[in-house]
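S.K.: Let me begin by handing over the structure; questions about it come next.
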Amino acid sequence: MDKIIINFLSPMLLFIFIALTYSCGNDNSAKDLYTKTLSDTDSAALLFMLEEEKLARDTYAYLDNLWSLNQFSNIKLSELSHMNAVENLLKVNNIPYTILPSGEFADEGLQAYYNQFAIDGAIDEVNALLVGATIEDLDIVDLQEYIDATSNTALIAVFESLQCGSRNHLRSFISAIENLDGSYTPQFLTQQAYDAILNSSKEQCN
C-alpha cells in the first residue's frame with residue numbers, strides 16, 4: 001500500500017517542483033503576462049499622448065521664458081505631472097518609449113505644431129496665451145477620441161484625469177486672454193463643448 005502511495009505522489013511532487021522552479025525562474029515573464037493588458041492601439045495612444053503632453057510642457061516652458069506669465073509657469077509644472085502619469089502607465093505595461101530633448105518630437109505633426117507655436121507665441125502676450133488655449137483645446141479632443149476608442153479602465157482613468165486638467169488649463173488661458181481684451185475661437189472643440197467648459201467651474205481632478 002505504501003509503495004502505491006509513493007508511486008502516485010511522485011509524479012505529483014515532480015509536477016509541483018517543476019511548476020515552482022519555472023515560476024521562480026521566470027518572474028519577469030509572469031509579470032509581463034500580468035501587466036500586458038493594453039492593445040497595440042492603446043499602446044500607440046499612450047505613446048502619442050506622452051508626446052502631446054510634452055508638447056504642452058515644452059511650449060509653456062519656452063513661452064514662460066519669453067513672457068514670465070503665471071499661466072505658463074504654473075501650467076508647465078502641471079503638464080510635467082501629466083507626462084509622468086502617462087509614463088507610469090507605459091512602465092507598468094512594459095512599453096518601450098523615448099522622451100526626446102525639449103522642443104524635439106518623434107511625431108512630425110507635433111513637431112510642426114511646436115515650431116509654429118514658438119513663432120506665434122513670440123509675437124506678444126495675447127498670442128502666447130492663444131497658443132496655450134489652442135494646445136488645451138487640441139488636448140481635450142485627442143484625449144476624448146482615445147477614451148472613446150478603448151475599453152481599458154486604467155487608460156480611461158488616466159486620460160480622463162488629464163482631460164480634467166486640460167479643461168482647467170483652458171479656463172485659465174481664456175480668462176487671461178479676455179483680461180487683455182483678446183478672444184479665442186475654438187479650433188478643435190465644438191462651440192457647444194467649448195461653451196460648456198467655460199460656463200462650468202474649475203474642477204477638482206484626480
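Quick note on naming: the chains in the C-alpha cells go A, B, ... in the order shown, residues restart at 1 in each chain, and ligands are numbered from 1 in order of appearance.
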Excluding Tyr194 of chain A and its own-chain neighbours fewer than 4 positions away, which residues fall within 10 Å of it when counting only C-alpha atoms? Please give them as a ChimeraX atom specification.
M.R.: /A:137,167,170-171,185-190,198-199
S.K.: Env of Glu178 of chain A: 12 Å cut, atoms = only C-alpha atoms, seq-sep filter 3 positions within chain, self excluded. Answer as a list in words.
M.R.: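 Non-adjacent residues within range: Glu125, Val126, Asn127, Leu129, Leu130, Ala133, Arg171, Ser172, Phe173, Ile174, Ser175, Asp181, Gly182, Ser183, Tyr184 and Thr185 of chain A.
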S.K.: Check the smallest atom-to-atom distance from each of A:Ile75, A:Ile123, A:Leu162, A:Leu180 to Met49 of chain A using only C-alpha atoms, then report the winner.
M.R.: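 Smallest distance to Met49 of chain A is found for A:Leu162.
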S.K.: May I have all residues of chain A that DSSP, computed from the backbone, assigns to helix (DSSP H, G or I), given as an NGL selection string?
M.R.: :A and (2-25 or 27-35 or 40-67 or 70-92 or 108-121 or 125-148 or 153-179 or 191-198)
S.K.: May I ask which of the residues A:Thr41, A:Ser102, A:Asn88, A:Asn94 is the closest one to Asp58 of chain A, counting only C-alpha atoms?
M.R.: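 Using only C-alpha atoms, Asp58 of chain A sits closest to A:Ser102.
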S.K.: So what do you get for atom CA of Tyr60 of chain A versus atom CA of Ile135 of chain A, distance-wise?
M.R.: 9.8 Å
S.K.: What does the structure give for the distance between atom CA of Asp148 of chain A and atom CA of Gly103 of chain A, in Å to one decimal?
M.R.: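 According to the coordinates, atom CA of Asp148 of chain A and atom CA of Gly103 of chain A are separated by 29.3 Å.
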S.K.: Restricting the calculation to only C-alpha atoms, which member of A:Ala176, A:Phe159, A:Ser200, A:Gly132 is positioned closest to Glu145 of chain A?
M.R.: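 Distance minimum relative to Glu145 of chain A lands on A:Phe159.
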S.K.: Give me the residues near Asp40 of chain A as an mmCIF file with C-alpha atoms, in the first residue's frame, where near means some atom within 12 Å (using only C-alpha atoms) and where sequence neighbours in that chain fewer than 3 positions away do not count.
M.R.:
data_model
loop_
_atom_site.group_PDB
_atom_site.id
_atom_site.type_symbol
_atom_site.label_atom_id
_atom_site.label_comp_id
_atom_site.auth_asym_id
_atom_site.auth_seq_id
_atom_site.Cartn_x
_atom_site.Cartn_y
_atom_site.Cartn_z
ATOM 1 C CA LYS A 36 0.469 43.253 -20.608
ATOM 2 C CA THR A 37 -3.153 44.357 -20.728
ATOM 3 C CA SER A 43 -0.098 51.455 -26.503
ATOM 4 C CA ALA A 44 0.086 53.766 -29.502
ATOM 5 C CA ALA A 45 -2.370 56.128 -27.804
ATOM 6 C CA LEU A 46 -0.166 56.311 -24.710
ATOM 7 C CA LEU A 47 2.975 56.948 -26.738
ATOM 8 C CA ASN A 93 2.810 47.748 -19.152
ATOM 9 C CA ILE A 95 6.022 49.544 -23.271
ATOM 10 C CA THR A 150 -10.705 51.891 -25.676
ATOM 11 C CA ASN A 152 -9.139 49.600 -20.821
#
S.K.: Would you please work out which residue, of A:Gly121, A:Pro101, A:Gly109, A:Pro96, is nearest to Phe72 of chain A when using only C-alpha atoms?
M.R.: A:Gly121
S.K.: What does the distance from atom CA of Leu100 of chain A to atom CA of Leu50 of chain A come to in Å, to one decimal?
M.R.: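 Taking atom CA of Leu100 of chain A as the start and atom CA of Leu50 of chain A as the end point, the length is 10.8 Å.
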S.K.: Compare A:Asn74, A:Val131, A:Arg57, A:Leu80 by their minimum atom-to-atom distance to Ala118 of chain A, counting only C-alpha atoms, and give me the closest one.
M.R.: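 Checking each of A:Asn74, A:Val131, A:Arg57, A:Leu80 against Ala118 of chain A, counting only C-alpha atoms, the winner is A:Val131.
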